[in-house]
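> Following this line is final39.pdb, made up of PDB, C-alpha atoms, pLDDT in the B column:
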ATOM      1  CA  MET A   1       0.922   9.582  -0.386  1.00 70.00           C
ATOM      2  CA  TRP A   2       1.310  11.656   2.747  1.00 74.00           C
ATOM      3  CA  GLY A   3       1.892  11.185   6.454  1.00 76.00           C
ATOM      4  CA  LEU A   4      -0.532  11.947   9.266  1.00 78.00           C
ATOM      5  CA  ASP A   5       2.089  13.124  11.757  1.00 70.00           C
ATOM      6  CA  THR A   6       1.224  14.948  14.961  1.00 60.00           C
ATOM      7  CA  GLY A   7       1.486  18.386  13.356  1.00 63.00           C
ATOM      8  CA  GLY A   8      -0.476  17.305  10.302  1.00 70.00           C
ATOM      9  CA  ASP A   9      -3.981  18.622  10.948  1.00 79.00           C
ATOM     10  CA  ASP A  10      -4.124  19.742   7.306  1.00 81.00           C
ATOM     11  CA  SER A  11      -3.275  16.189   6.208  1.00 80.00           C
ATOM     12  CA  VAL A  12      -5.953  14.700   8.448  1.00 84.00           C
ATOM     13  CA  ASN A  13      -8.551  17.163   7.139  1.00 83.00           C
ATOM     14  CA  ARG A  14      -7.503  16.384   3.571  1.00 85.00           C
ATOM     15  CA  ALA A  15      -7.903  12.657   4.280  1.00 86.00           C
ATOM     16  CA  ARG A  16     -11.417  13.254   5.631  1.00 86.00           C
ATOM     17  CA  GLU A  17     -12.378  15.284   2.542  1.00 89.00           C
ATOM     18  CA  HIS A  18     -11.084  12.670   0.080  1.00 87.00           C
ATOM     19  CA  ALA A  19     -11.892   9.536   2.091  1.00 89.00           C
ATOM     20  CA  MET A  20     -13.613   7.666  -0.760  1.00 91.00           C
ATOM     21  CA  ASP A  21     -10.392   7.798  -2.798  1.00 90.00           C
ATOM     22  CA  LEU A  22      -8.036   6.774   0.024  1.00 90.00           C
ATOM     23  CA  ILE A  23      -6.572   3.948   1.995  1.00 88.00           C
ATOM     24  CA  LEU A  24      -4.875   4.496   5.369  1.00 90.00           C
ATOM     25  CA  LYS A  25      -1.978   2.107   5.942  1.00 87.00           C
ATOM     26  CA  PRO A  26       0.010   1.431   9.086  1.00 88.00           C
ATOM     27  CA  GLN A  27       3.727   1.926   8.457  1.00 80.00           C
ATOM     28  CA  ARG A  28       4.751  -1.666   9.057  1.00 72.00           C
ATOM     29  CA  ASP A  29       5.346  -4.794   6.990  1.00 62.00           C
ATOM     30  CA  GLY A  30       2.606  -7.179   6.042  1.00 60.00           C
ATOM     31  CA  SER A  31      -0.947  -7.014   4.871  1.00 58.00           C
ATOM     32  CA  GLY A  32      -4.040  -6.198   6.824  1.00 66.00           C
ATOM     33  CA  ASN A  33      -5.062  -3.494   9.252  1.00 83.00           C
ATOM     34  CA  ASN A  34      -5.683  -1.080   6.377  1.00 87.00           C
ATOM     35  CA  ILE A  35      -8.578   1.396   6.556  1.00 90.00           C
ATOM     36  CA  TYR A  36     -10.579   1.979   3.372  1.00 90.00           C
ATOM     37  CA  LYS A  37     -12.867   4.671   1.968  1.00 91.00           C
ATOM     38  CA  GLU A  38     -15.981   5.253   4.082  1.00 91.00           C
ATOM     39  CA  ALA A  39     -14.252   3.918   7.235  1.00 93.00           C
ATOM     40  CA  VAL A  40     -11.515   6.617   7.063  1.00 92.00           C
ATOM     41  CA  PRO A  41     -13.321   9.554   8.780  1.00 93.00           C
ATOM     42  CA  ALA A  42     -14.498   7.523  11.800  1.00 94.00           C
ATOM     43  CA  PHE A  43     -11.055   5.950  12.160  1.00 93.00           C
ATOM     44  CA  LEU A  44      -9.380   9.382  12.100  1.00 91.00           C
ATOM     45  CA  ASP A  45     -11.812  10.598  14.771  1.00 90.00           C
ATOM     46  CA  SER A  46     -10.814   7.688  17.025  1.00 93.00           C
ATOM     47  CA  LEU A  47      -7.052   7.839  16.317  1.00 89.00           C
ATOM     48  CA  PRO A  48      -5.098   9.321  19.247  1.00 89.00           C
ATOM     49  CA  LEU A  49      -2.883  12.254  18.260  1.00 86.00           C
ATOM     50  CA  GLU A  50       0.292  10.470  19.381  1.00 86.00           C
ATOM     51  CA  GLU A  51      -0.438   7.512  17.041  1.00 87.00           C
ATOM     52  CA  ARG A  52      -0.898   9.570  13.856  1.00 86.00           C
ATOM     53  CA  GLN A  53       2.724   9.248  12.748  1.00 85.00           C
ATOM     54  CA  ALA A  54       2.260   5.467  12.470  1.00 88.00           C
ATOM     55  CA  TRP A  55      -0.125   5.924   9.507  1.00 89.00           C
ATOM     56  CA  ILE A  56       0.102   7.133   5.918  1.00 87.00           C
ATOM     57  CA  ALA A  57      -2.684   8.062   3.492  1.00 88.00           C
ATOM     58  CA  MET A  58      -2.453   6.715  -0.046  1.00 89.00           C
ATOM     59  CA  GLU A  59      -4.632   7.300  -3.080  1.00 90.00           C
ATOM     60  CA  LEU A  60      -6.430   4.131  -4.192  1.00 85.00           C
ATOM     61  CA  ILE A  61      -5.382   2.652  -7.519  1.00 79.00           C
ATOM     62  CA  SER A  62      -8.167   2.634 -10.120  1.00 81.00           C
ATOM     63  CA  PRO A  63      -7.513  -0.236 -12.535  1.00 82.00           C
ATOM     64  CA  PRO A  64      -8.673  -0.121 -16.152  1.00 84.00           C
ATOM     65  CA  LYS A  65     -12.087  -1.711 -16.649  1.00 88.00           C
ATOM     66  CA  GLY A  66     -12.193  -5.136 -18.275  1.00 90.00           C
ATOM     67  CA  MET A  67      -8.590  -6.100 -17.441  1.00 88.00           C
ATOM     68  CA  LYS A  68      -8.915  -9.868 -16.876  1.00 91.00           C
ATOM     69  CA  ASN A  69      -6.427 -12.555 -16.049  1.00 90.00           C
ATOM     70  CA  TYR A  70      -6.243 -15.997 -14.507  1.00 88.00           C
ATOM     71  CA  LEU A  71      -5.072 -16.285 -10.921  1.00 86.00           C
ATOM     72  CA  ILE A  72      -3.562 -19.615  -9.883  1.00 84.00           C
ATOM     73  CA  ARG A  73      -3.581 -20.308  -6.159  1.00 76.00           C
ATOM     74  CA  ALA A  74      -2.104 -23.231  -4.271  1.00 72.00           C
ATOM     75  CA  GLY A  75      -4.130 -25.120  -1.713  1.00 69.00           C
ATOM     76  CA  GLY A  76      -7.779 -25.981  -1.390  1.00 62.00           C
ATOM     77  CA  GLY A  77     -10.718 -24.524  -3.201  1.00 64.00           C
ATOM     78  CA  GLU A  78     -10.739 -23.324  -6.763  1.00 68.00           C
ATOM     79  CA  SER A  79      -7.085 -23.033  -7.775  1.00 75.00           C
ATOM     80  CA  LEU A  80      -7.601 -21.418 -11.224  1.00 81.00           C
ATOM     81  CA  VAL A  81      -9.863 -18.376 -11.275  1.00 83.00           C
ATOM     82  CA  GLU A  82     -10.541 -15.872 -14.064  1.00 89.00           C
ATOM     83  CA  MET A  83     -11.434 -12.389 -12.833  1.00 90.00           C
ATOM     84  CA  GLU A  84     -10.962  -8.673 -13.383  1.00 93.00           C
ATOM     85  CA  VAL A  85      -7.619  -7.840 -11.814  1.00 92.00           C
ATOM     86  CA  MET A  86      -5.234  -5.094 -10.853  1.00 89.00           C
ATOM     87  CA  SER A  87      -1.503  -5.410 -10.306  1.00 89.00           C
ATOM     88  CA  GLU A  88       0.730  -3.573  -7.870  1.00 86.00           C
ATOM     89  CA  LEU A  89       4.440  -3.091  -8.482  1.00 88.00           C
ATOM     90  CA  GLY A  90       6.539  -2.747  -5.348  1.00 87.00           C
ATOM     91  CA  ILE A  91      10.153  -1.615  -5.604  1.00 90.00           C
ATOM     92  CA  PHE A  92      12.267  -2.186  -2.532  1.00 90.00           C
ATOM     93  CA  GLY A  93      15.683  -1.154  -1.414  1.00 93.00           C
ATOM     94  CA  TRP A  94      17.822  -0.049   1.479  1.00 91.00           C
ATOM     95  CA  ALA A  95      19.345   3.132   2.844  1.00 88.00           C
ATOM     96  CA  LEU A  96      22.248   3.703   5.221  1.00 89.00           C
ATOM     97  CA  PHE A  97      22.233   6.875   7.338  1.00 85.00           C
ATOM     98  CA  ARG A  98      24.978   8.625   9.274  1.00 80.00           C
ATOM     99  CA  ASP A  99      24.327   9.524  12.894  1.00 79.00           C
ATOM    100  CA  GLY A 100      26.441  12.663  13.005  1.00 72.00           C
ATOM    101  CA  VAL A 101      26.257  16.419  12.707  1.00 72.00           C
ATOM    102  CA  GLY A 102      26.991  18.827   9.878  1.00 71.00           C
ATOM    103  CA  GLU A 103      28.488  17.174   6.803  1.00 70.00           C
ATOM    104  CA  ASN A 104      28.502  13.798   8.556  1.00 66.00           C
ATOM    105  CA  GLU A 105      24.734  13.810   9.024  1.00 74.00           C
ATOM    106  CA  GLY A 106      22.131  12.271   6.749  1.00 76.00           C
ATOM    107  CA  LYS A 107      21.981   9.614   4.108  1.00 76.00           C
ATOM    108  CA  ALA A 108      25.258   7.898   3.318  1.00 82.00           C
ATOM    109  CA  ARG A 109      24.053   5.497   0.639  1.00 87.00           C
ATOM    110  CA  GLU A 110      20.918   3.982  -0.864  1.00 90.00           C
ATOM    111  CA  LYS A 111      20.111   1.389  -3.481  1.00 93.00           C
ATOM    112  CA  GLU A 112      17.084  -0.205  -5.119  1.00 93.00           C
ATOM    113  CA  VAL A 113      17.548  -3.961  -4.864  1.00 94.00           C
ATOM    114  CA  GLY A 114      14.502  -5.593  -6.347  1.00 93.00           C
ATOM    115  CA  TRP A 115      10.859  -5.588  -7.216  1.00 92.00           C
ATOM    116  CA  LEU A 116       7.723  -7.608  -6.672  1.00 91.00           C
ATOM    117  CA  VAL A 117       4.441  -7.687  -8.591  1.00 92.00           C
ATOM    118  CA  ARG A 118       1.245  -8.784  -6.856  1.00 90.00           C
ATOM    119  CA  THR A 119      -2.022  -9.251  -8.734  1.00 91.00           C
ATOM    120  CA  LYS A 120      -5.434  -9.432  -7.079  1.00 89.00           C
ATOM    121  CA  GLY A 121      -9.100  -9.190  -7.917  1.00 89.00           C
ATOM    122  CA  LYS A 122     -10.028  -5.559  -8.632  1.00 87.00           C
ATOM    123  CA  ASP A 123     -12.689  -5.544  -5.901  1.00 82.00           C
ATOM    124  CA  SER A 124     -10.388  -6.872  -3.162  1.00 80.00           C
ATOM    125  CA  ASN A 125      -9.250  -4.326  -0.597  1.00 76.00           C
ATOM    126  CA  GLU A 126      -6.455  -6.458   0.813  1.00 73.00           C
ATOM    127  CA  GLY A 127      -3.430  -7.539  -1.193  1.00 70.00           C
ATOM    128  CA  GLY A 128      -1.420 -10.039   0.827  1.00 74.00           C
ATOM    129  CA  VAL A 129      -0.032 -13.087  -0.966  1.00 74.00           C
ATOM    130  CA  ALA A 130       0.391 -15.107   2.246  1.00 70.00           C
ATOM    131  CA  THR A 131      -3.195 -14.382   3.275  1.00 72.00           C
ATOM    132  CA  GLY A 132      -4.548 -15.538  -0.105  1.00 74.00           C
ATOM    133  CA  PHE A 133      -5.811 -12.182  -1.374  1.00 79.00           C
ATOM    134  CA  SER A 134      -3.299 -11.911  -4.220  1.00 86.00           C
ATOM    135  CA  VAL A 135      -0.808 -13.931  -6.229  1.00 88.00           C
ATOM    136  CA  LEU A 136       2.801 -13.282  -7.236  1.00 90.00           C
ATOM    137  CA  ASP A 137       3.025 -12.135 -10.816  1.00 90.00           C
ATOM    138  CA  CYS A 138       5.533 -10.893 -13.383  1.00 89.00           C
ATOM    139  CA  LEU A 139       5.638  -8.036 -15.850  1.00 85.00           C
ATOM    140  CA  VAL A 140       5.376  -8.225 -19.614  1.00 83.00           C
ATOM    141  CA  LEU A 141       6.239  -4.878 -21.165  1.00 80.00           C
ATOM    142  CA  VAL A 142       4.940  -4.173 -24.658  1.00 84.00           C
ATOM    143  CA  ASP A 143       5.367  -1.214 -26.957  1.00 81.00           C
TER     144      ASP A 143
END
Rewrite the structure from the file as structure tokens, please.

Amino acid sequence: MWGLDTGGDDSVNRAREHAMDLILKPQRDGSGNNIYKEAVPAFLDSLPLEERQAWIAMELISPPKGMKNYLIRAGGGESLVEMEVMSELGIFGWALFRDGVGENEGKAREKEVGWLVRTKGKDSNEGGVATGFSVLDCLVLVD
């Protein structure tokens, strides 16, 4: 994962070169507005320099082949669907920073406070639970 900040011409060139393995994500909450694979170079060409810092490039996850599960969705349509899936683990937390100088500057404290697992069809680009692209899931660790 790397930023596309205003001084990051190397990062932008790297994103163009590896576009088929990347997703560009806006640095905001929620799903959607992501740019995938073949759309990356054209998007970078149209992105104004001053808006680069609002985006990050991330390597796409390649799930193992044949990993199937049942997804249960609320609402209309088919509520129980078997498909090849991939899961994403998100760990979230908080950080408190000092607004000072010298020793009083920088991070004061940070803590991981939870996690969330979303599972979606392996061919789906989007991953939002609220938008119906994925479902909440849990982990089962085996040895």
> Would you translate the PyMOL selection byres ((chain A and resi 68) around 10) into the concrete set of residues it matches in this file, as a ChimeraX atom specification?
/A:64-67,69-71,82-86,121-122
> For A:Phe133, list every protein, DNA or RNA residue within 8 Å, evaluated using only C-alpha atoms, and leave out those in the same chain fewer than 3 positions away; present the list as a PDB file with C-alpha atoms, in the coordinates of the input.

ATOM      1  CA  LYS A 120      -5.434  -9.432  -7.079  1.00 89.00           C
ATOM      2  CA  GLY A 121      -9.100  -9.190  -7.917  1.00 89.00           C
ATOM      3  CA  SER A 124     -10.388  -6.872  -3.162  1.00 80.00           C
ATOM      4  CA  GLU A 126      -6.455  -6.458   0.813  1.00 73.00           C
ATOM      5  CA  GLY A 127      -3.430  -7.539  -1.193  1.00 70.00           C
ATOM      6  CA  GLY A 128      -1.420 -10.039   0.827  1.00 74.00           C
ATOM      7  CA  VAL A 129      -0.032 -13.087  -0.966  1.00 74.00           C
ATOM      8  CA  ALA A 130       0.391 -15.107   2.246  1.00 70.00           C
TER       9      ALA A 130
END
> Using Å and a single decimal, report how far atom CA of A:Leu60 sits from atom CA of A:Asp45.
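Going from atom CA of A:Asp45 over to atom CA of A:Leu60 covers 20.7 Å.
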> Using only C-alpha atoms, collect all residues at a distance of at most 6 Å from (-2.3, -7.3, -7.8) as written in the file, then present them as a list in words.
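Applying the cut-off with only C-alpha atoms, one gets Met86, Ser87, Glu88, Arg118, Thr119, Lys120 and Ser134 of chain A.
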> When you look at A:Glu59 with a cut-off of 9 Å (counting all atoms listed in the file), what residues show up, excluding the ones that are within fewer than 4 positions of it in the same chain? I need them as a list in words.
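After dropping sequence-adjacent residues, the list is Met1, His18, Asp21, Leu22, Ile23 and Leu24 of chain A.
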> Would you list the contacts of stretch 3-5 of chain A as a PyMOL selection string, taking every protein, DNA or RNA residue within 6 Å and counting all atoms listed in the file, but skipping same-chain residues closer than 3 positions in sequence?
chain A and resi 8+11+52-53+56
